[in-house]
Every structure is written in structure tokens, then in C-alpha cells.
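**Q** What follows is a structure written as C-alpha cells; I'll ask about it next.
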Number of protein chains: 2
Amino acid sequence: MIDQLFDAASKAFIQYKNYPSDLKADFLEKIAEILEASRAQIVPVAVEESNLPEGRINGELGRTTGQIKLFANMVREGSWLEATIDPGDRNREPLPKPDIRRMLTPIGPVVVFGASNFPLAFSTAGGDTISALAAGCPVVYKGHPAHPLTSKLVADCIHKAVISSQLPDGVFIHVEGGIEVGQALVQHPAAKAVAFTGSFNGGKALFDLASKREEPIPVYAEMGSVNPVFTFPDKLESELIPLAQSYVNSLTLGSGQFCTNPGLIFVPKEHAAAFETAIADTVKDIAGSPMLHPGIAKAYYEAIEYYQSRNELKWIKVAEPKHLINGSPALAEIKASDWLADDVFQQEVFGAFALMVVYDSQEQLLEVAQKLHGQLTITVWGNIPELKQNTALISLLEEKCGRLLFAGVPTGVEVGYAMQHGGPYPSTTDSRSTSVGASAIKRFARPIAFQDMPADLLPDELKDENPLGIVRQVNGKYTTEKI
Amino acid sequence: MIDQLFDAASKAFIQYKNYPSDLKADFLEKIAEILEASRAQIVPVAVEESNLPEGRINGELGRTTGQIKLFANMVREGSWLEATIDPGDRNREPLPKPDIRRMLTPIGPVVVFGASNFPLAFSTAGGDTISALAAGCPVVYKGHPAHPLTSKLVADCIHKAVISSQLPDGVFIHVEGGIEVGQALVQHPAAKAVAFTGSFNGGKALFDLASKREEPIPVYAEMGSVNPVFTFPDKLESELIPLAQSYVNSLTLGSGQFCTNPGLIFVPKEHAAAFETAIADTVKDIAGSPMLHPGIAKAYYEAIEYYQSRNELKWIKVAEPKHLINGSPALAEIKASDWLADDVFQQEVFGAFALMVVYDSQEQLLEVAQKLHGQLTITVWGNIPELKQNTALISLLEEKCGRLLFAGVPTGVEVGYAMQHGGPYPSTTDSRSTSVGASAIKRFARPIAFQDMPADLLPDELKDENPLGIVRQVNGKYTTEKI
């Protein structure tokens, strides 16, 4: 069965990769259009399957179609292809210089695994699927078992767009099944890349599988992180209450079920008591809301139970597991010296749980930064003079994350050109990539150079006359001019 | 010992990564200057250790310094950093838009393994070392045992440039030792990437080691390929003799010890006899020249001995192993149906050995293309009408290589902006990368995004006023303007 799917995907690839870019963009926009037209059918099903509120799911559908439009625009605009031309020179001495033209080309069929916490934006027609399709790759999508009906509804929308765009069926294939099916997809020789959003264990297992294939393939696994927040004294002195509130709001948003959920905050000793009070005051009014599914709630409460067995912690707010499906927020305090002594305090607890780490000195923060695992995001709250005093710390923190924030909170990931949603291991398996924003498309492409290719055969992107009017690098200079 | 080296490299990294780009470029140019000034010392030693002719080594030193200057220029020019700015908007509804600025940042200390066949251009101060240094990464270089004295001389030049540029020692570390030392370098937690040029077995072993680390790291192993040449009837009809000559010259250049050596040529049945005669006429005057070291010569003759045991082959020219160190050229003919029946005929023989595969039809070539392993290069020799008749084949061949040539020969890899020297597995472990040309620098960087970073803290590359005048993508548009 899986052989047949990949046979279809491989055949589709040969056709789809050579489709003109404007038709690819039309196809993507068609998906967005059909999704939008199916909003009334999709939203209630996704709400039912995910326990997420209707407003959130409605917003997520908008985010999903917004992403699709970004990629459609990029495909039309064409600079992502990195078209590069070094014109030849027959008169060069001692040897003539060949004409070399390079661009990105799609990598081949991509296996995508969706995320339970974003049934739309990181799932069936989410960023991974759409950026792979935008790059010119067929997608074999493994439906997430936490929202099977939503996944089918969305897959139907994509199938309709495939038909309406007269593309081969194999451009998008929706597969259901358990872990074994997922493993078989990753191991299939025709699969050329894997995208995954989920737990560390899940992502790492796929990475290991892909590395051991006869032909190893890239795995873009976004596996989450604890997204530490570092606070400095003067900043807290002036803004303690609003910062504590905004921290708690970010922590508890969507029951804390975000990959950028800030599960760790470093607070200077002198403000610890006040900050703790402010947190407690804010969180007491925040009711637990239902988590995505019982398995996630169970793991959340088990992790908290473990932390309750640790003497190093002083509890600011304990979880109230009256209804196990509810992710009741929980916060505990720990000394930086204790935090430094055991790596377990760096593990992600998926949900609204946080450790407030009380530090004594700048030196201790440097030690923290050195020990910190790779993260998607790190946030630094300091006044400008404090930040300037801490450039050594900030430089170290840069090594530990993909996105460094100096205001606001890490939740709410902008979709744009400059976004980086990917960080050093173990937050992802490939820190060179992002799964949100324009550059996500580059994960599914590789460069190819054509040497002395006859003009008639060159793809439009590399023709002398630049018929698509795209930005290209010619003799090292960026230009939209013809040659 | 290795801990100390990486301690030095890690400390150097924190300093070096924040060095202004023009000082990094000065440092690279200083290396080139000192290498050039040391030409008289280096060349005879490299000739002695590699058995390569003086003219070749002199040329290779020029290529090495040329590469260094290319990377120095790129570091000054700055567009490789992919600086991208999405300015914020405080008035956006429903939520203010944060200011996000993204650029590439060096990945950390890089372990580089040199190649025996390029004692200068792919070794101590070769493309891997220089592109890593250009990216802002310290290099821990494992000297190649085939040219230890050359490696030390070149390392001394880099050390002098480090001192003269007042950089920390750990920016470049030269290590000697056997396989175990290399393995320990790759396994060290402070190593963040690996670059390697050499055999499939060597590269694959390092890839496996790096994938199994607690923190897996990227391995850019360029492991060679057989670089097939496809010829079409009408082209041969008109240019048979010059094409046969240029093929044999490319095959036997430097005793065939190039990663782009064309070890496989597909010839249509109707021209096979004439092409064979033309090859035989050309190769009979080419004497075997000494190979790099006895181990390589031994492996070459063992491979030929194996092929001599295969009944499918008809020999055009047998090797003359009068002096085992000499890589005497050897060519044999095989039917495409036999070639298709056994993958062993796709294995690289390092040296001037080639299989001429005689094909019957276009359909058979499509079968060949489907079965072909990943290659650094593929060359297609056809007249334009023939090429147009074979677009399906060419599209398949694109999937199997990093560089597709339509004239000339694959040996002689241009160093420029558009070069792609890297292809699908097993020719490399990462088809998304190149080890020659401008883009080689990107292997050693990862993106980082700064969100709402105060203007005072922004790196020059991302400041509003664009003090370095580099090309940046602002709101999706390429520009050198300030914001």
C-alpha cells in the first residue's frame, strides 16, 4: 500500500516540479480559497476534536490561509530560488570560462507529520505541507490521530484544489494510521525529507530512523523547548506587575500547549518575593481549560506529580486536577543553584507549568546560559543599561536559541519573512531551518547548477531575458535585469 | 588533549563570531598573502608528498588563494548573511506587530578533514577551512596523513595570520593523528559541524558517528561519484573524435584522482565501435603517472583486478601495473543491459578507470537514469534537437546530480557564485550544500531572529541605517537602503 502511495507521489513529482511557478501559486491559493469556503464545516469539528475554543480555531484557520497566501506570493516573486548566474567567457585565459547557472530545485516527495496542538496551522494544510508544496514537492501527509475528522476535511479541501488545478493525485496524499505507518513512510526509499512537529521522543525517533536509511534524508523535527525568560533587576523594579501578568498570560494561553510556551523564568533574588506574589495574584483567577486530549493531560499531571516529589521546589500555585482533562496552571520556585544541579529541571512539561528560578548574580546567569539546552526562543527583559552590562550573557544566549526576544512574550509566532522558528538541538533536529515564515520553503529544496546549458533548455528562472522578472544574483550582484 | 583543543576553540568562537566582518575579511586575506609568500617553501614539499606535478601544485596554490579572496569579498559584501527585516507596527490590529530581524550566525567550532587529492585547495587552508572561518567559525583541522609536512607548513601560515590579526589561538587548531583522533573530534560535544572530502566509507562513518551523538550535528561529506557522461547519436556523428579525446583527457587528468572524474560514459550502439577506436587511439599515448600514495594505487589495481574477473566486460585498454604507484589508465566496455543488472558497476574506482556503457535505445537510458545513484555531476552531450527529444531523461538526470553539464567535461570545477559541488546521496551526505563556490559558507551558519531588540544592541548588519551598506530583505524586498 505504501509502495503505491510513493509510486504516485514520485510520478507526481516529475510533473509537478516542472509546473510553472504561477500555476503552483494558483494551486496554493485555490487551497486557501476552498479552506475558507469550508470554514463552517471545519471549525466545529476541529473544536470538538481539539477542545480548543471556537475563537482560537477560527483564528487558526485565518492563520493557515494567511500562511498559504505568503507562500503563494513567494512562489510568484521567485527570489527564494536563489537563481545565480555566472556568465561564461570564451576568451578567458588560460581556459575559457563556462557559463554556470544555479537555482534551488525541489528535493522530492516529503513526509509530513502534523501537530496535535495546531489542528489547522501545523497540520494537514499547515506550514510544513504548504511550504513543501510551494517548493515543488509532493506531500505524503500522516494524519494526526488526535483530530482525524478535521484532518480528513482539510485533506478533502486540498484534494479539491488538486483536481481543480488539474494536478496529478499524487501531489497530496493523506494517510491514516499508527506509529508503524509513520515509520514505514519515513523509511520508504522514495521519501526525500521529513517534517514533524511534536514531542522530543517522537521527533528523535524519526530522526534516528531517517539517519539509518540506506539513503539518509533530512528530518526537520520541531520538538519544543522551555523558552526561558531572563529578567533583570531594574526592569522589574519599574514594571514588575505588568511583566508578571504578561508572563502568566503567555504561560497559560491555550492551557500552555504551545511550543513557545515560556516554562522557565529567571528572576533576581531581590525581586523574587514581589514577583512571586504578582504571579500568584494573576494566576489565581485563571481557570484550567481542557487540554487537547486525555493523553496530554495525563502526561502533564504526571510531570507535575514528579516535580511535587522534589524537595528543591517551593510551590507558588499547585495544579487542581479536579477534572483531569483540564490543564490547571501550576508554578513552582527553585533556587538557581538547585536548578543548575539537575538537568531534569530543563525538561519541557507540555502545559501551563513553569519554574521560577531565583538567581543571585550575573555570574550565576552566565553559568545558567552555559548549561542551557537549545531552545526555540529565549526572552530577555532588561532596561537598556542592564542589557548593555550583560552583552556577554546575551552573546551566550544567542548560541542557545533560534529567536531572541527583548520585549513581549514568545507565544504568538509572527508569520513573515524574518521569522525564525527553529533552534539548536534538542529544540529541533536542524537548527539551520525554520518551520514558520518564508524561509520554511528552503527546507524542501537543494541547489542544482547547469553548466553551458543551451538557452532553449534553460528554465525560465535562469534565462538571459529573465522572463519572470525575478531577483537573481548575476556575477555576484542582485538584480532583476536581463543579461 | 582534545578537551583542551575544543575549550580553546569554544572560547575563540565567542570572540571571533563577534569580530567585525571587515576584520574577518582582512584575516582571510592575510592567510592568502602569507601562503603566497610561502609558495617557494610549500610547493616542493607538496610535490614530494603528493606525487603531483609542480605545475599542478603551483596552480592549486593559486586556486587556494583565489578561493580565500572570494570568501573575503563575500564577507565584506555581506549579502550571504541573508539579513531580513520585518519592521514592527505598534498600531496593527488586533495585536501590535513586533519588529523582527533575522540573519545567519556562525554555528560554532567546525571539524574539517582534508583530502589527499588536493593537498592545498581541499586541505588545511582549503575551501572547507576558509568557508568555515569566513562564516565566523573556529576550525579544528585534522591533518591528512598523506601530506603531513605540507599540512604543517600551511597551518603555520594560518597561525601567522591569526597572530598578525590578533585573534585568539583557538580560531584555527591543527591536529595530527589517526582515525581514532578524527572520531574523537567528531564526537566532541563542542564540535558543531563536520566537513570532509574523501571516500564513501570514510564520510559515511563520520556521518553515522555524528548522527549518534547526544547532540547530532551536520556532516558535509563530499564522497565522490562516477560522474556519468551521456552521449547522443547526432552529436557523436559530427564530433566523435574531439569528444572521445576530451573524454579521455578528462578521465586521465591527474591520474583520474578527482572527485569529478568521469568514470562512466554512455554511448549509443551505432557509434560504439568508432568511439571505442577513438578512445583507444587517444589513451595509448597517455602514460600512467604516479598516484597520490601507494594505498590509493593498491586500491585502484585491486578494483581493476576485480573488474577483470567479470565476463561482462570487454577491455579497451588494460592497466599496465609495471610500477604499482603509477595509475595506468584502463577502460572497458559493457552492454547497458549488463550494467543495469549489477550495482557494482556504479561504484567509484578512484583513478583513471572508466566503463563505456553501450546502450540500445532512449528507453534504456531512462532505465539507466532511474537506477543511477546520486552524483556530483552528470554530463550530457547532444545536439539541441536531441536534447529536446530527451527532456524526460534530462529531468530525471536533474534528480541525480548537483551539476548538469551540456558541454565540456566535469573536471575543472569553477570557483564562483553559481557553482554547485555537492549532489544527492551517496555523492554527498547533504545534497542541500556545496563544498565549492560562494554558497559553501552557508554550511556553517544557522539563522537567528531578534525580536524587538533595542537599536543599541542590534548588530551592524541589522541596524536601521544599514551602516555596512549590505543587501537586505526588508518587508520582503531586496534593498541596500536604510529603513
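Chain labels A, B, ... are given in the sequence in which chains occur in the C-alpha cells; within each chain residues are numbered consecutively from 1, and ligands are likewise numbered from 1 in the order shown.
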What lies within 8 Å of region 242-249 of chain B using only C-alpha atoms, ignoring chain neighbours under 3 positions off, as a PyMOL selection string?
**A** chain B and resi 236+239+252-253+262+275+278-279+282-283+408-409
**Q** Now that the selection is made, can you save its residues with N, CA, C and O atoms as a CSV table (one decimal), in the first residue's frame?
**A**
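Dumped everything to out.csv:
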```csv
chain,number,residue,atom,x,y,z
B,236,LEU,N,27.6,12.7,-31.6
B,236,LEU,CA,28.7,11.8,-31.9
B,236,LEU,C,29.0,11.8,-33.4
B,236,LEU,O,30.2,11.8,-33.8
B,239,GLU,N,31.0,15.0,-34.0
B,239,GLU,CA,32.1,15.4,-33.2
B,239,GLU,C,32.8,14.2,-32.5
B,239,GLU,O,33.4,14.4,-31.4
B,252,THR,N,41.8,11.0,-17.6
B,252,THR,CA,43.2,10.6,-17.2
B,252,THR,C,43.9,11.8,-16.5
B,252,THR,O,45.0,11.6,-16.0
B,253,LEU,N,43.3,13.0,-16.5
B,253,LEU,CA,43.9,14.1,-15.8
B,253,LEU,C,44.3,13.8,-14.4
B,253,LEU,O,43.4,13.2,-13.6
B,262,PRO,N,35.2,11.5,-14.7
B,262,PRO,CA,34.1,10.9,-15.4
B,262,PRO,C,34.3,9.4,-15.7
B,262,PRO,O,34.8,9.0,-16.7
B,275,PHE,N,33.7,5.0,-31.4
B,275,PHE,CA,34.1,5.7,-30.2
B,275,PHE,C,35.1,4.9,-29.5
B,275,PHE,O,36.1,5.5,-29.0
B,278,ALA,N,38.4,5.5,-31.2
B,278,ALA,CA,38.9,6.9,-30.9
B,278,ALA,C,39.5,7.0,-29.5
B,278,ALA,O,40.5,7.6,-29.2
B,279,ILE,N,38.8,6.3,-28.5
B,279,ILE,CA,39.3,6.3,-27.2
B,279,ILE,C,40.6,5.6,-27.1
B,279,ILE,O,41.6,6.0,-26.5
B,282,THR,N,43.4,7.6,-28.4
B,282,THR,CA,43.9,8.7,-27.6
B,282,THR,C,44.6,8.2,-26.3
B,282,THR,O,45.7,8.7,-26.0
B,283,VAL,N,44.1,7.1,-25.7
B,283,VAL,CA,44.6,6.7,-24.4
B,283,VAL,C,46.0,6.0,-24.6
B,283,VAL,O,46.8,6.0,-23.7
B,408,GLY,N,31.8,20.5,-22.6
B,408,GLY,CA,33.0,20.3,-21.8
B,408,GLY,C,32.9,19.1,-20.9
B,408,GLY,O,32.1,18.2,-21.1
B,409,VAL,N,33.8,19.1,-19.9
B,409,VAL,CA,34.0,17.9,-19.0
B,409,VAL,C,33.8,18.3,-17.6
B,409,VAL,O,34.0,19.5,-17.2
```
**Q** Restrict the distance test to only C-alpha atoms, flag each residue of chain A within 6 Å of chain B, and return the flagged residues as an NGL selection string.
**A** :A and (84-86 or 100-102 or 402-407 or 418 or 420 or 432 or 446 or 448-453)
**Q** Kindly save the residues from that selection, with C-alpha atoms included, as a PDB file, in the first residue's frame.
**A**
```
ATOM      1  CA  THR A  84      22.504  32.717  -9.572  1.00  0.00           C
ATOM      2  CA  ILE A  85      24.255  33.233 -12.863  1.00  0.00           C
ATOM      3  CA  ASP A  86      27.977  33.337 -13.581  1.00  0.00           C
ATOM      4  CA  ILE A 100      27.109  28.318 -14.843  1.00  0.00           C
ATOM      5  CA  ARG A 101      23.553  28.918 -13.624  1.00  0.00           C
ATOM      6  CA  ARG A 102      22.311  27.677 -10.292  1.00  0.00           C
ATOM      7  CA  GLY A 402      16.639  30.497  17.209  1.00  0.00           C
ATOM      8  CA  ARG A 403      14.758  33.631  18.313  1.00  0.00           C
ATOM      9  CA  LEU A 404      15.818  36.102  20.970  1.00  0.00           C
ATOM     10  CA  LEU A 405      13.129  38.483  22.267  1.00  0.00           C
ATOM     11  CA  PHE A 406      13.649  41.738  24.144  1.00  0.00           C
ATOM     12  CA  ALA A 407      10.007  42.651  24.676  1.00  0.00           C
ATOM     13  CA  ALA A 418      12.219  37.374   9.143  1.00  0.00           C
ATOM     14  CA  GLN A 420      12.948  32.026  12.738  1.00  0.00           C
ATOM     15  CA  ARG A 432      19.640  25.602  10.049  1.00  0.00           C
ATOM     16  CA  ARG A 446      18.504  21.684  -2.904  1.00  0.00           C
ATOM     17  CA  ILE A 448      21.400  22.420  -8.892  1.00  0.00           C
ATOM     18  CA  ALA A 449      23.838  24.061 -11.313  1.00  0.00           C
ATOM     19  CA  PHE A 450      23.502  23.917 -15.081  1.00  0.00           C
ATOM     20  CA  GLN A 451      26.750  24.326 -16.943  1.00  0.00           C
ATOM     21  CA  ASP A 452      26.681  25.528 -20.558  1.00  0.00           C
ATOM     22  CA  MET A 453      23.019  24.616 -20.855  1.00  0.00           C
TER      23      MET A 453
END
```
**Q** Excluding Lys142 (chain A) and any residue of its chain fewer than 2 positions from it, enumerate the residues within 8 Å of it, using only C-alpha atoms, and give them as number ranges by chain.
**A** A: 111-114, 140, 144, 174-177, 182
**Q** May I have the residues from that selection written out with N, CA and C atoms, as an mmCIF file, in the first residue's frame?
**A**
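Output file part.cif follows:
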```cif
data_model
loop_
_atom_site.group_PDB
_atom_site.id
_atom_site.type_symbol
_atom_site.label_atom_id
_atom_site.label_comp_id
_atom_site.auth_asym_id
_atom_site.auth_seq_id
_atom_site.Cartn_x
_atom_site.Cartn_y
_atom_site.Cartn_z
ATOM 1 N N VAL A 111 7.493 13.655 3.544
ATOM 2 C CA VAL A 111 6.567 13.083 4.522
ATOM 3 C C VAL A 111 6.340 14.122 5.623
ATOM 4 N N VAL A 112 5.074 14.461 5.859
ATOM 5 C CA VAL A 112 4.761 15.477 6.870
ATOM 6 C C VAL A 112 3.911 14.852 7.986
ATOM 7 N N PHE A 113 4.302 15.162 9.221
ATOM 8 C CA PHE A 113 3.534 14.761 10.396
ATOM 9 C C PHE A 113 2.957 16.012 11.035
ATOM 10 N N GLY A 114 1.653 16.031 11.264
ATOM 11 C CA GLY A 114 1.021 17.204 11.864
ATOM 12 C C GLY A 114 1.160 17.228 13.376
ATOM 13 N N VAL A 140 3.284 13.527 1.323
ATOM 14 C CA VAL A 140 2.578 12.383 1.889
ATOM 15 C C VAL A 140 2.330 12.758 3.344
ATOM 16 N N HIS A 144 -2.964 13.283 11.988
ATOM 17 C CA HIS A 144 -2.741 13.136 13.432
ATOM 18 C C HIS A 144 -3.948 12.451 14.059
ATOM 19 N N HIS A 174 -3.091 11.720 1.682
ATOM 20 C CA HIS A 174 -3.437 11.724 3.104
ATOM 21 C C HIS A 174 -3.455 10.295 3.602
ATOM 22 N N VAL A 175 -2.671 10.020 4.622
ATOM 23 C CA VAL A 175 -2.549 8.656 5.139
ATOM 24 C C VAL A 175 -2.998 8.638 6.591
ATOM 25 N N GLU A 176 -3.740 7.606 6.971
ATOM 26 C CA GLU A 176 -4.087 7.445 8.382
ATOM 27 C C GLU A 176 -3.375 6.217 8.919
ATOM 28 N N GLY A 177 -3.173 6.189 10.210
ATOM 29 C CA GLY A 177 -2.536 5.004 10.779
ATOM 30 C C GLY A 177 -1.740 5.348 12.018
ATOM 31 N N GLY A 182 3.697 5.605 10.265
ATOM 32 C CA GLY A 182 4.608 6.747 10.204
ATOM 33 C C GLY A 182 6.045 6.301 9.958
#
```
**Q** Apply DSSP to the backbone of this structure and, from region 148-367 of chain B, keep only the residues in strand (DSSP E); write these as JSON, numbers by chain.
**A** {"B": [172, 173, 174, 175, 193, 194, 195, 196, 197, 219, 220, 221, 222, 229, 230, 231, 264, 265, 266, 267, 268, 314, 315, 316, 317, 330, 331, 332, 333, 334, 335, 353, 354, 355, 356, 357, 358, 359]}
**Q** Using the chain letters and numbers from this document, which residues of region 310-392 of chain A does DSSP assign to helix (DSSP H, G or I), as a ChimeraX atom specification?
**A** /A:336-341,343-346,362-371,384-389,391-392
**Q** Within 12 Å of Leu52 (chain B), counting only C-alpha atoms, which residues qualify if same-chain residues fewer than 4 places away don't, as a PyMOL selection string?
**A** chain B and resi 43-48+56-60+116-120+147+253-257+289-293+326-327
**Q** What's the 12 Å shell around Leu5 (chain B), counting only C-alpha atoms, without same-chain residues fewer than 5 positions away, as a ChimeraX atom specification?
**A** /B:10-12,109-111,138-142,169-175,184-185,188,190-191
**Q** Work out how far CA of Leu206 (chain A) is from CA of Glu222 (chain B), in Å to one decimal.
**A** 24.4 Å
**Q** Would you mind reading off the distance between CA of Thr428 (chain B) and CA of Ala210 (chain A), one decimal, in Å?
**A** 15.6 Å
**Q** Please identify all polymer residues within 12 Å of Asp342 (chain A), counting only C-alpha atoms, omitting same-chain residues fewer than 3 positions from it, and present them as a ChimeraX atom specification.
**A** /A:310,312,334-339,345-347,368,371-372
**Q** Restrict the selected residues to N, CA, C and O atoms and save them as a PDB file, in the first residue's frame.
**A**
```
ATOM      1  N   ARG A 310       9.995  16.594  44.404  1.00  0.00           N
ATOM      2  CA  ARG A 310      11.326  17.199  44.522  1.00  0.00           C
ATOM      3  C   ARG A 310      11.321  18.274  45.607  1.00  0.00           C
ATOM      4  O   ARG A 310      10.579  19.257  45.543  1.00  0.00           O
ATOM      5  N   GLU A 312      13.460  20.487  46.214  1.00  0.00           N
ATOM      6  CA  GLU A 312      14.032  21.790  45.870  1.00  0.00           C
ATOM      7  C   GLU A 312      12.945  22.817  45.547  1.00  0.00           C
ATOM      8  O   GLU A 312      13.218  24.018  45.526  1.00  0.00           O
ATOM      9  N   ILE A 334      12.365  27.752  42.438  1.00  0.00           N
ATOM     10  CA  ILE A 334      13.568  26.958  42.724  1.00  0.00           C
ATOM     11  C   ILE A 334      14.762  27.898  42.715  1.00  0.00           C
ATOM     12  O   ILE A 334      14.781  28.891  41.974  1.00  0.00           O
ATOM     13  N   LYS A 335      15.767  27.594  43.558  1.00  0.00           N
ATOM     14  CA  LYS A 335      16.996  28.392  43.549  1.00  0.00           C
ATOM     15  C   LYS A 335      17.841  28.039  42.327  1.00  0.00           C
ATOM     16  O   LYS A 335      17.912  26.870  41.949  1.00  0.00           O
ATOM     17  N   ALA A 336      18.521  29.020  41.785  1.00  0.00           N
ATOM     18  CA  ALA A 336      19.345  28.765  40.592  1.00  0.00           C
ATOM     19  C   ALA A 336      20.384  27.683  40.871  1.00  0.00           C
ATOM     20  O   ALA A 336      20.673  26.850  39.998  1.00  0.00           O
ATOM     21  N   SER A 337      20.946  27.664  42.080  1.00  0.00           N
ATOM     22  CA  SER A 337      21.963  26.648  42.377  1.00  0.00           C
ATOM     23  C   SER A 337      21.359  25.247  42.309  1.00  0.00           C
ATOM     24  O   SER A 337      21.998  24.311  41.811  1.00  0.00           O
ATOM     25  N   ASP A 338      20.129  25.096  42.767  1.00  0.00           N
ATOM     26  CA  ASP A 338      19.460  23.790  42.660  1.00  0.00           C
ATOM     27  C   ASP A 338      19.114  23.470  41.203  1.00  0.00           C
ATOM     28  O   ASP A 338      19.254  22.334  40.751  1.00  0.00           O
ATOM     29  N   TRP A 339      18.643  24.498  40.500  1.00  0.00           N
ATOM     30  CA  TRP A 339      18.292  24.293  39.093  1.00  0.00           C
ATOM     31  C   TRP A 339      19.515  23.813  38.303  1.00  0.00           C
ATOM     32  O   TRP A 339      19.435  22.897  37.478  1.00  0.00           O
ATOM     33  N   PHE A 345      15.400  19.673  35.445  1.00  0.00           N
ATOM     34  CA  PHE A 345      14.651  20.939  35.541  1.00  0.00           C
ATOM     35  C   PHE A 345      14.618  21.694  34.206  1.00  0.00           C
ATOM     36  O   PHE A 345      14.029  22.761  34.110  1.00  0.00           O
ATOM     37  N   GLN A 346      15.296  21.147  33.205  1.00  0.00           N
ATOM     38  CA  GLN A 346      15.246  21.764  31.880  1.00  0.00           C
ATOM     39  C   GLN A 346      14.223  21.069  30.978  1.00  0.00           C
ATOM     40  O   GLN A 346      13.987  21.518  29.863  1.00  0.00           O
ATOM     41  N   GLN A 347      13.656  19.973  31.464  1.00  0.00           N
ATOM     42  CA  GLN A 347      12.741  19.236  30.584  1.00  0.00           C
ATOM     43  C   GLN A 347      11.429  19.972  30.391  1.00  0.00           C
ATOM     44  O   GLN A 347      10.874  20.554  31.312  1.00  0.00           O
ATOM     45  N   VAL A 368      24.124  29.536  34.050  1.00  0.00           N
ATOM     46  CA  VAL A 368      22.845  29.050  33.527  1.00  0.00           C
ATOM     47  C   VAL A 368      22.889  28.998  31.997  1.00  0.00           C
ATOM     48  O   VAL A 368      22.545  27.989  31.379  1.00  0.00           O
ATOM     49  N   LYS A 371      24.821  26.184  30.575  1.00  0.00           N
ATOM     50  CA  LYS A 371      24.219  24.854  30.775  1.00  0.00           C
ATOM     51  C   LYS A 371      22.916  24.663  30.009  1.00  0.00           C
ATOM     52  O   LYS A 371      22.437  23.532  29.850  1.00  0.00           O
ATOM     53  N   LEU A 372      22.366  25.769  29.562  1.00  0.00           N
ATOM     54  CA  LEU A 372      21.027  25.722  28.955  1.00  0.00           C
ATOM     55  C   LEU A 372      21.022  24.881  27.679  1.00  0.00           C
ATOM     56  O   LEU A 372      21.903  25.006  26.840  1.00  0.00           O
TER      57      LEU A 372
END
```
**Q** Might you pull out every residue within 8 Å of Glu29 (chain A), with only C-alpha atoms counted and same-chain residues fewer than 5 positions away left off, and present them as a PyMOL selection string?
**A** chain A and resi 68-69+72
**Q** Atoms to include: all heavy atoms. Write the selected residues as a compact mmCIF listing (two decimals), in the first residue's frame.
**A**
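Final output, saved to out.txt:
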```txt
# COMPACT_ATOMS: atom_id res chain seq x y z
N ILE A 68 -0.68 30.28 3.64
CA ILE A 68 -0.75 29.80 2.25
C ILE A 68 -0.53 30.96 1.29
O ILE A 68 0.22 30.85 0.31
CB ILE A 68 -2.11 29.10 1.99
CG1 ILE A 68 -2.24 27.87 2.91
CG2 ILE A 68 -2.26 28.72 0.53
CD1 ILE A 68 -3.59 27.14 2.80
N LYS A 69 -1.16 32.10 1.59
CA LYS A 69 -1.01 33.26 0.69
C LYS A 69 0.43 33.77 0.68
O LYS A 69 0.95 34.17 -0.37
CB LYS A 69 -2.00 34.36 1.08
CG LYS A 69 -3.43 33.99 0.67
CD LYS A 69 -4.47 34.90 1.30
CE LYS A 69 -5.84 34.25 1.21
NZ LYS A 69 -6.80 34.85 2.18
N ALA A 72 2.29 31.44 -1.57
CA ALA A 72 1.89 31.67 -2.96
C ALA A 72 2.58 32.92 -3.50
O ALA A 72 3.12 32.92 -4.62
CB ALA A 72 0.37 31.81 -3.07
```
**Q** One decimal, Å: what's the distance from CA of Val415 (chain B) over to CA of Leu149 (chain B), could you say?
**A**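 Answer for the CA of Val415 (chain B) to CA of Leu149 (chain B) separation: 26.3 Å.
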**Q** Counting only C-alpha atoms, which of B:Asn201, B:Ser151, B:Ala8, B:Phe13 gets nearest to Ala132 (chain B)?
**A**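 Distance minimum relative to Ala132 (chain B) lands on B:Phe13.
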**Q** Could you check which of A:Leu462, A:Val267, A:Ala274, A:Val349 is closest to Ala299 (chain A), using only C-alpha atoms?
**A** A:Val349
